[in-house]
Structures are given as C-alpha cells and as structure tokens.
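Below you'll find the structure, written out as structure tokens, and then a few comments.
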Amino acid sequence: MKIGIACPYSWDVPGGVQFHIRDLAEELIARGHSVSVIAPASEGTEVPDFVEATGAAIPIPYNGSVARLAFGPRVNWQVRKWLQNGDFDVLHVHEPFVPSLSMLALMSAECPVVATFHTAMDRSKFLSIASPLLVPVLEKTRARIAVSEEARRTAVEHLGGDAYVIPNGVSVKSFKTSGPDPRFSGTPGKPTIGFLGRIDEPRKGLPILAGAVAPILKEYPGARFFVAGRGDNEKALDILGENAQAVTFLGSVSEEDKAALLSSVDIYVAPQTGGESFGIVLIEAMSAGSFVVSSDIPAFQAVLDHGTFGDHFKSEDSDDLARVIISALGETERRAETIEAARVGAWRYDWSTVASQILSVYSIAVKTASQDVGEWNK
C-alpha cells in the first residue's frame with residue numbers, strides 16, 4: 001500500500017505520538033509498504049528519509065503540556081502538495097482534532113482516511129467549542145482508532161462515533177539487555193528507583209515522587225533515585241530540599257541508556273497525575289524487566305491489568321507511593337514473579353502485533369471506500 005501519515009506535533013521535540021508514528025512507519029516499511037510522514041520540524045532537524053518536514057511549529061498550551069503545532073496558509077499549501085504528490089491508498093491522521101497538520105490533511109484528503117486518537121481528558125474548552133465544526137470534518141474518516149479505552153471515551157464524548165481500540169506499540173526486543181547496568185543497579189539494602197518524564201511538567205508527577213523520597217530513605221538510607229528527562233534541574237532540587245543528595249539527574253537519555261536504566265533499577269515509578277491516555281513507558285519498563293509502581297489513573301490500571309503486572313498507589317499521594325515502594329522492596333520473590341508475568345504481558349503491545357491490527361483497519365477503510373464508489377456508480 002501507499003500510506004500517508006500526518007503527525008500534528010513537532011518532530012524535533014520528542015513525544016509519545018511522534019515515537020508512535022516513527023515506529024509504525026518503520027514497521028510498515030519493513031513489511032514492504034510505501035510510507036510518507038508529514039510533520040512539523042525546525043530547520044536543521046535530522047529526520048528519517050520517510051519524513052517530509054514543513055518547518056518550525058508554534059508552542060501552544062494543550063492538555064496540561066505544551067504542544068508544538070503547525071498551521072496557516074503556507075503549511076496548508078505544503079500539506080495539499082504532499083497529498084497530491086503522494087497519491088496515497090490510505091491517509092492516517094493522528095490527533096485530527098488538534099489544530100495542526102493532521103486536521104489540514106483530513107480537510108484536503110480525497111483518499112480513504114483513518115484517524116487515531118491519542119488524548120484522554122475529562123473536559124476540554126477547545127473541544128466543547130469546536131466540536132460542532134470538527135464533527136462534519138471527521139465524518140470524512142472511514143475508520144477510527146483509539147490507543148486506549150480512555151482515549152476512546154474522550155473521542156466518543158466530544159466527537160461522537162466510535163473507534164477500534166488498538167494500543168500504542170513497543171519494540172519489545174529493543175528493551176532486552178544483556179544484564180543490569182552497574183550505573184543504575186542497587187542492592188537489597190541500597191535499592192535504586194527510576195523515573196522518566198519531563199521534569200517541568202507537574203502532571204508527570206516528579207513532585208509526587210519527591211514527596212516520597214524522605215520516607216523511603218528513612219527505611220532504606222542507602223536508596224538512590226535516578227531521574228531522566230528534560231527540564232529545570234534546579235527547580236527540581238528545590239523541591240527535594242535536603243534529600244537531593246540521593247537523587248541523580250540524568251537529563252535526556254538515549255534509547256540505549258533508557259533501556260539500561262529500566263532493566264537495572266529495582267523499582268520504576270510512574271507517578272503521573274492525569275492527562276495520560278495510555279502509558280507507553282510502562283510497557284517499555286515491563287519489556288525491560290522493571291518492577292513498575294504507578295499511580296492508579298485509569299490508563300495505567302489498564303496497562304498493568306489492575307495490579308497483575310505491577311503495583312498501584314493512590315494518585316497524587318506521596319505517602320501512599322512511599323508505602324507501596326517500601327512494601328514492594330521487601331517482597332523480593334513477588335517482585336520477581338510479577339516482572340516475569342509483565343515481560344510476557346508486554347508482547348501484546350509489540351509492533352509485530354499492533355501494526356497488523358492497524359493494517360486491518362486500513363483495509364477496512366479502503367474496502368468501505370470502494371464499496372461506496374461502487375454504490376455511487378450504480
């Protein structure tokens with residue numbers, strides 16, 4: 001198939017949607033399909049051969065974060081030209097209700113369109129205001145995908161219709177390492193605890209983890225905490241206060257170092273407070289062999305199968321987080337059993353499975369479009 005994929009967010013600022021699109025494109029190309037991705041990207045940004053960059057994006061506050069979007073007459077012209085030159089069998093637009101490339105591509109598309117919804121939120125002023133305008137546009141889609149039940153709920157409540165639930169994908173094999181990395185490994189008396197996420201986004205939960213450091217150190221004085229992610233380290237150090245000496249800030253890490261961290265720490269913590277539709281990092285941690293402790297937000301409960309593949313704590317409750325971590329550290333055998341179950345459970349999210357499900361939806365979209373053309377010709 002000739003497949004076009006529209007990415008709404010800037011390629012030069014890493015994020016879950018961008019990684020999802022990159023990995024999906026690579027998997028589809030490996031299977032022999034022709035794939036072209038259009039995405040915002042600043043001049044000088046290194047992009048894969050299959051990505052067509054439209055230039056720098058504009059930062060816009062969105063869903064508790066900052067999304068970098070591209071829109072306007074020039075970008076619209078670029079999208080139209082890309083669609084015309086691509087002559088795609090199917091167009092796959094991600095986050096079509098975000099005012100960026102995906103929405104522009106959907107509005108101009110003449111081929112069958114599949115839309116994927118990644119976002120989960122309880123309410124949105126933008127969607128409440130814009131939904132009367134967006135719904136007619138979304139009617140152009142032949143099929144819809146949501147990456148989780150939470151994302152599906154958001155799409156259905158705001159925009160109507162329904163969607164196939166197909167999770168985000170992970171290359172499970174890429175998180176398998178030869179063994180623990182001594183940089184991040186602990187001992188029974190001096191355990192290590194890891195966190196991945198943007199430091200300056202409160203919803204990623206670093207302040208919640210910071211509040212749990214003191215009680216954990218009281219029980220395990222030699223415990224070490226590793227924090228990986230972009231953001232203001234000084235601000236994070238202020239939050240930690242006198243406990244800062246137990247925390248190592250790694251900044252942005254490579255995919256190799258991320259796998260090494262996740263495969264080595266005794267506990268991986270996901271303290272996000274909300275705004276998460278899925279939880280790709282939980283799958284990465286499961287694939288790498290981490291014991292996962294996460295907040296009990298619905299998306300994370302779904303990924304961990306309500307405690308089968310890890311432990312939950314009460315969202316935004318640092319004391320409960322500390323209690324759950326301390327309890328897990330004292331149950332070595334249970335942790336080992338859970339880690340093994342999680343490794344097996346992670347395979348349902350491997351791209352070998354997820355890409356096949358997405359291709360099935362593409363086929364449905366193309367088939368229904370052909371049937372409609374046939375009915376029209378009659």
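Ordering of the structure tokens sets the chain letters (A, B, ...); residue numbers start at 1 within each chain; ligands are numbered from 1 in the order shown.
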Q.
When you look at Arg31 (chain A) with a cut-off of 12 Å (counting only C-alpha atoms), what residues show up, excluding the ones that are within fewer than 4 positions of it in the same chain? I need them as a ChimeraX atom specification.
A. /A:1,24-27,35,351-352,355-356,359
Please provide as an mmCIF file with C-alpha atoms, in the first residue's frame all residues within 7 Å of Ala151 (chain A), with the sequence filter that same-chain residues fewer than 2 positions apart are discarded (counting only C-alpha atoms).
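The result, written out as result_35.cif:
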```
data_model
loop_
_atom_site.group_PDB
_atom_site.id
_atom_site.type_symbol
_atom_site.label_atom_id
_atom_site.label_comp_id
_atom_site.auth_asym_id
_atom_site.auth_seq_id
_atom_site.Cartn_x
_atom_site.Cartn_y
_atom_site.Cartn_z
ATOM 1 C CA PHE A 117 -6.941 9.473 18.859
ATOM 2 C CA HIS A 118 -4.201 9.529 21.500
ATOM 3 C CA THR A 119 -5.537 12.044 24.025
ATOM 4 C CA ALA A 120 -7.517 11.377 27.192
ATOM 5 C CA ALA A 146 -8.129 4.993 19.869
ATOM 6 C CA VAL A 147 -4.954 3.947 21.680
ATOM 7 C CA SER A 148 -6.884 3.074 24.855
ATOM 8 C CA GLU A 149 -10.371 2.943 26.320
ATOM 9 C CA ARG A 153 -14.047 7.675 25.747
ATOM 10 C CA THR A 154 -12.671 11.168 25.098
ATOM 11 C CA ALA A 155 -13.245 10.914 21.357
ATOM 12 C CA SER A 277 -4.414 8.035 27.553
#
```
Q. In Å to one decimal, how far is CA of Ala342 (chain A) from CA of Gly275 (chain A)?
A.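 Interatomic distance, CA of Gly275 (chain A) to CA of Ala342 (chain A): 23.7 Å.
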**Q.** Shell of 12 Å around Arg80 (chain A), only C-alpha atoms, local chain residues under 3 positions omitted, as a PyMOL selection string
**A.** chain A and resi 6+38+54+73-77+83-87+101-110
Q. Which value, in Å to one decimal, gives the distance between CA of Phe71 (chain A) and CA of Glu201 (chain A)?
A. 24.7 Å
Q.
So, with only C-alpha atoms as the atoms that count, which of A:Trp11, A:Phe88, A:Ile267, A:Glu52 lies closest to Arg68 (chain A)?
A. A:Trp11
Q. Taking into account only C-alpha atoms, which residue in the set A:Asp181, A:Asp162, A:Asp305, A:Glu150 is nearest to Ala346 (chain A)?
A.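 The shortest atom-to-atom distance to Ala346 (chain A) comes from A:Asp305.
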**Q.** Between CA of Val253 (chain A) and CA of Ala322 (chain A), distance in Å (one decimal)
**A.** 25.6 Å
Q: Identify which of the residues A:Gly279, A:Pro112, A:Gly231, A:Pro99 lies closest to Val17 (chain A), counting only C-alpha atoms when measuring atom-to-atom distances.
A: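 Among the listed residues, A:Gly279 lies closest to Val17 (chain A).
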Q. Which of region 1-78 of chain A counts as helix (DSSP H, G or I) under DSSP, as a list in words please?
A.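 Checking each residue of region 1-78 of chain A, the helix (DSSP H, G or I) ones are Gly16, Val17, Gln18, Phe19, His20, Ile21, Arg22, Asp23, Leu24, Ala25, Glu26, Glu27, Leu28, Ile29, Ala30, Pro73, Arg74, Val75, Asn76, Trp77 and Gln78 of chain A.
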Contact residues around Ile339 (chain A) with only C-alpha atoms at 6 Å, ignoring same-chain residues under 2 positions, as a PDB file with N, CA and C atoms, in the first residue's frame:
```pdb
ATOM      1  N   GLY A 289      12.093  -5.433  32.031  1.00  0.00           N
ATOM      2  CA  GLY A 289      12.210  -6.211  33.255  1.00  0.00           C
ATOM      3  C   GLY A 289      12.167  -5.399  34.530  1.00  0.00           C
ATOM      4  N   PHE A 291      10.242  -3.672  37.779  1.00  0.00           N
ATOM      5  CA  PHE A 291       9.035  -3.796  38.591  1.00  0.00           C
ATOM      6  C   PHE A 291       8.408  -2.409  38.619  1.00  0.00           C
ATOM      7  N   ALA A 336       9.861 -10.634  41.605  1.00  0.00           N
ATOM      8  CA  ALA A 336      10.416 -11.439  40.517  1.00  0.00           C
ATOM      9  C   ALA A 336       9.306 -12.113  39.709  1.00  0.00           C
ATOM     10  N   GLU A 337       8.304 -12.622  40.378  1.00  0.00           N
ATOM     11  CA  GLU A 337       7.178 -13.271  39.696  1.00  0.00           C
ATOM     12  C   GLU A 337       6.394 -12.269  38.854  1.00  0.00           C
ATOM     13  N   ALA A 341       5.828 -12.111  34.706  1.00  0.00           N
ATOM     14  CA  ALA A 341       4.489 -12.026  34.107  1.00  0.00           C
ATOM     15  C   ALA A 341       4.379 -10.788  33.214  1.00  0.00           C
ATOM     16  N   ALA A 342       4.977  -9.685  33.656  1.00  0.00           N
ATOM     17  CA  ALA A 342       4.924  -8.444  32.885  1.00  0.00           C
ATOM     18  C   ALA A 342       5.702  -8.565  31.579  1.00  0.00           C
TER      19      ALA A 342
END
```
Q: Might you pull out every residue within 9 Å of Thr45 (chain A), with only C-alpha atoms counted and same-chain residues fewer than 4 positions away left off, and present them as a PyMOL selection string?
A: chain A and resi 11-12+41+53
I want to know what sits within 9 Å of Gly197 (chain A), based on only C-alpha atoms, with residues of the same chain fewer than 4 positions away left out; could you give that as a compact mmCIF listing (two decimals) with all heavy atoms, in the first residue's frame?
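File written: selection-v8.txt
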```
# COMPACT_ATOMS: atom_id res chain seq x y z
N GLU A 201 6.94 19.41 33.92
CA GLU A 201 5.50 19.20 33.73
C GLU A 201 4.94 18.56 34.98
O GLU A 201 5.14 17.37 35.23
CB GLU A 201 5.23 18.30 32.52
CG GLU A 201 5.21 19.05 31.21
CD GLU A 201 4.63 18.20 30.10
OE1 GLU A 201 3.71 17.41 30.38
OE2 GLU A 201 5.10 18.33 28.97
N LYS A 204 3.44 15.01 35.10
CA LYS A 204 4.31 13.84 35.00
C LYS A 204 4.66 13.28 36.38
O LYS A 204 5.15 12.17 36.49
CB LYS A 204 5.58 14.16 34.21
CG LYS A 204 5.33 14.51 32.75
CD LYS A 204 4.66 13.36 32.01
CE LYS A 204 4.40 13.71 30.54
NZ LYS A 204 3.70 12.62 29.83
N GLY A 205 4.43 14.09 37.43
CA GLY A 205 4.44 13.55 38.78
C GLY A 205 5.74 13.59 39.56
O GLY A 205 5.82 12.99 40.63
N LEU A 206 6.77 14.30 39.07
CA LEU A 206 8.01 14.34 39.84
C LEU A 206 7.81 14.91 41.25
O LEU A 206 8.40 14.39 42.21
CB LEU A 206 9.08 15.14 39.09
CG LEU A 206 10.46 15.19 39.78
CD1 LEU A 206 11.01 13.79 40.00
CD2 LEU A 206 11.44 16.03 38.97
N VAL A 227 16.58 10.21 37.92
CA VAL A 227 15.54 10.98 37.23
C VAL A 227 16.03 11.32 35.83
O VAL A 227 17.04 12.02 35.67
CB VAL A 227 15.20 12.27 38.00
CG1 VAL A 227 14.24 13.14 37.20
CG2 VAL A 227 14.61 11.93 39.37
N ALA A 228 15.35 10.81 34.81
CA ALA A 228 15.72 11.06 33.42
C ALA A 228 14.63 11.87 32.74
O ALA A 228 13.45 11.53 32.84
CB ALA A 228 15.93 9.75 32.68
N GLY A 229 15.02 12.94 32.06
CA GLY A 229 14.04 13.75 31.36
C GLY A 229 14.48 15.20 31.27
O GLY A 229 15.33 15.65 32.03
N ARG A 230 13.87 15.90 30.31
CA ARG A 230 14.20 17.32 30.12
C ARG A 230 13.55 18.16 31.21
O ARG A 230 12.54 17.77 31.79
CB ARG A 230 13.70 17.81 28.75
CG ARG A 230 14.24 17.02 27.58
CD ARG A 230 13.87 17.69 26.26
NE ARG A 230 12.47 18.06 26.20
CZ ARG A 230 11.51 17.24 25.82
NH1 ARG A 230 11.79 16.00 25.50
NH2 ARG A 230 10.26 17.65 25.76
N ALA A 270 6.01 5.44 38.01
CA ALA A 270 5.24 6.27 37.06
C ALA A 270 4.19 7.02 37.87
O ALA A 270 3.06 6.54 38.03
CB ALA A 270 4.60 5.39 36.00
N GLN A 272 2.49 9.79 37.30
CA GLN A 272 1.69 10.77 36.56
C GLN A 272 0.33 11.00 37.22
O GLN A 272 -0.29 10.06 37.72
CB GLN A 272 1.51 10.32 35.11
CG GLN A 272 2.73 10.52 34.24
CD GLN A 272 3.74 9.41 34.30
OE1 GLN A 272 3.84 8.72 35.31
NE2 GLN A 272 4.50 9.21 33.24
```
